[in-house]
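Peer 1: My questions will all concern the structure given below.
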Amino acid sequence: MRSVEQYAPGAAFGAEVRKDGETWTLVLVRELRHPPATVWTALTDPEHLREWAPFDADRNLGTVGTAKLSTVGAPTPHVSETQVKRADAPKVLEFSWGGQDIRWELEPQGGGGTRLTLWHNINRGFISMGAAGWHICVDVLDRLLADQPIGRIAGTDAMKFGGWQRLNAEYAQQFGVEPPVGRPTPPSVEA
């Protein structure tokens, strides 16, 4: 297993903000080298989620219905009940987390890869934090699927990680927002 100390996130890229009044949505796009079915498993299977996601799930998220998501690295334990609203394997997964809507879209790409698009409704004040956190989580996911796991970097652990601060500032600049000062509550636990 590779060490997290050997990981350094690249520059902020592939993200934008969509605004509809007071509703802000982070849209993050990544090209993964893995087929949609493999990526789908990583997005839905609790064992895979424990390796890269900022939450643990009490069940497979690949079917519509209620699930419990436990935020990883929160200052205090935070478990929220979620509704998996849509689970069209291996194309679209929609659920809520901490009162925020999350949608994953998987599109097959040439060469057997997947274009992964995340849509995450997030509070404007935390949009750059969310982008930085998801950037790191998807990097960890990509390495996991390539059999080069480095271990989960999420929640407050991600915020302590050197690359996170840089990414937060870069995304804030790209989005035209002020990065949060200090160590505010991560967006997943503000609800």
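All residue names refer to the structure tokens as shown: chains lettered A, B, ... in order, residues numbered from 1 in each chain, ligands numbered from 1 in order.
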According to DSSP computed on the backbone, where in chain A is there helix (DSSP H, G or I)? Give the residues as JSON, numbers by chain.

Peer 2: {"A": [4, 5, 6, 36, 37, 38, 39, 40, 41, 42, 43, 44, 46, 47, 48, 49, 50, 51, 52, 110, 111, 112, 124, 125, 126, 127, 128, 129, 130, 131, 132, 133, 134, 135, 136, 137, 138, 139, 140, 141, 142, 143, 144, 145, 155, 156, 157, 158, 159, 160, 162, 163, 164, 165, 166, 167, 168, 169, 170, 171, 172, 173, 174, 175, 187, 188, 189]}

Peer 1: What's the 12 Å shell around A:Gly110, counting only C-alpha atoms, without same-chain residues fewer than 3 positions away, as a JSON list (two decimals) with C-alpha atoms, in the first residue's frame?

Peer 2:
[["chain", "number", "residue", "atom", "x", "y", "z"],
["A", 31, "GLU", "CA", -12.02, 11.31, -16.24],
["A", 32, "LEU", "CA", -11.29, 7.94, -14.63],
["A", 33, "ARG", "CA", -9.49, 5.04, -16.29],
["A", 34, "HIS", "CA", -11.96, 2.53, -14.95],
["A", 35, "PRO", "CA", -15.25, 1.28, -16.49],
["A", 36, "PRO", "CA", -18.59, 2.61, -15.19],
["A", 107, "GLU", "CA", -20.65, 8.22, -18.67],
["A", 113, "GLY", "CA", -12.93, 4.71, -18.84],
["A", 114, "THR", "CA", -15.64, 6.75, -17.14],
["A", 115, "ARG", "CA", -16.44, 10.45, -17.08]]

Peer 1: Out of A:Glu51, A:Asp56, A:Asp139, A:Asp101, which residue has the shortest atom-to-atom distance to A:Ala8 when counting only C-alpha atoms?

Peer 2: A:Asp139

Peer 1: Need to verify the contact set: A:Arg124, 10 Å, only C-alpha atoms, exclusion of same-chain residues closer than 4 positions in sequence. Can you return it as a PyMOL selection string?

Peer 2: chain A and resi 17+19+22-26+128-130+177-178+187

Peer 1: Just the residues within 12 Å of A:Thr41, please, counting only C-alpha atoms, with nothing from its chain fewer than 2 positions along; format it as a list of chain:residue names.

Peer 2: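 Result of the neighbour search: A:His34, A:Pro35, A:Pro36, A:Ala37, A:Thr38, A:Val39, A:Leu43, A:Thr44, A:Asp45, A:Pro46, A:Glu47, A:His48, A:Leu49, A:Asn60, A:Leu61, A:Gly62, A:Thr63, A:Ala87, A:Ala89, A:Pro90, A:Lys91, A:Leu93, A:Leu106, A:Leu141, A:Leu144, A:Leu145.
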
Peer 1: Nearest to A:Arg59 among A:Gln165, A:Gln173, A:Gln6, A:Thr82, with distances taken over only C-alpha atoms: which residue is it?

Peer 2: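 Nearest candidate to A:Arg59 out of A:Gln165, A:Gln173, A:Gln6, A:Thr82: A:Thr82.
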
Peer 1: Pick out the closest residue to A:Val140 from this set: A:Glu16, A:Trp52, A:Val27, A:Trp104. Count only C-alpha atoms.

Peer 2: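 Checking each of A:Glu16, A:Trp52, A:Val27, A:Trp104 against A:Val140, counting only C-alpha atoms, the winner is A:Trp52.
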
Peer 1: Hey, which of A:Pro9, A:Gly111, A:Gly98, A:Gly155 ends up closest to A:Ala53? Count only C-alpha atoms.

Peer 2: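 The shortest atom-to-atom distance to A:Ala53 comes from A:Gly155.
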
Peer 1: What separation in Å, quoted to one decimal, exists between atom CA of A:Gly73 and atom CA of A:Val29?

Peer 2: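 According to the coordinates, atom CA of A:Gly73 and atom CA of A:Val29 are separated by 24.4 Å.
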
Peer 1: Rounded to one decimal place, report the atom CA of A:Leu118-atom CA of A:Phe13 distance in Å.

Peer 2: 13.4 Å

Peer 1: Using DSSP assignments from the backbone, pull out every residue in stretch 3-156 of chain A that falls under strand (DSSP E) and give it to me as a count of residues only.

Peer 2: 59

Peer 1: What does the distance between atom CA of A:Val84 and atom CA of A:Thr66 come to in Å, to one decimal place?

Peer 2: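 Between atom CA of A:Val84 and atom CA of A:Thr66 the gap works out to 6.2 Å.
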
Peer 1: Could you give me, as a PyMOL selection string, the residues within 9 Å of A:Gly133, counting only C-alpha atoms and dropping anything in the same chain fewer than 3 positions from it?

Peer 2: chain A and resi 54+128-130+136-138+153-155+158-159+164+167-168

Peer 1: Env of A:Ile102: 6 Å cut, atoms = only C-alpha atoms, seq-sep filter 4 positions within chain, self excluded. Answer as a ChimeraX atom specification.

Peer 2: /A:94-96,119-120

Peer 1: Contacts of A:Leu69 at 7 Å or less, counting only C-alpha atoms, minus same-chain residues fewer than 4 places along, as a PDB file with C-alpha atoms, in the first residue's frame?

Peer 2:
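For reference, part_34.pdb as written:
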ATOM      1  CA  PHE A  55     -18.895   9.166   4.922  1.00  0.00           C
ATOM      2  CA  ASP A  56     -19.625   5.543   5.759  1.00  0.00           C
ATOM      3  CA  ALA A  57     -22.909   3.921   4.736  1.00  0.00           C
ATOM      4  CA  ASP A  58     -24.889   1.345   6.682  1.00  0.00           C
ATOM      5  CA  VAL A  79     -25.023  10.246  11.513  1.00  0.00           C
ATOM      6  CA  SER A  80     -27.714  11.382   9.127  1.00  0.00           C
ATOM      7  CA  GLU A  81     -30.577   9.501   7.575  1.00  0.00           C
ATOM      8  CA  THR A  82     -30.542   9.830   3.821  1.00  0.00           C
TER       9      THR A  82
END
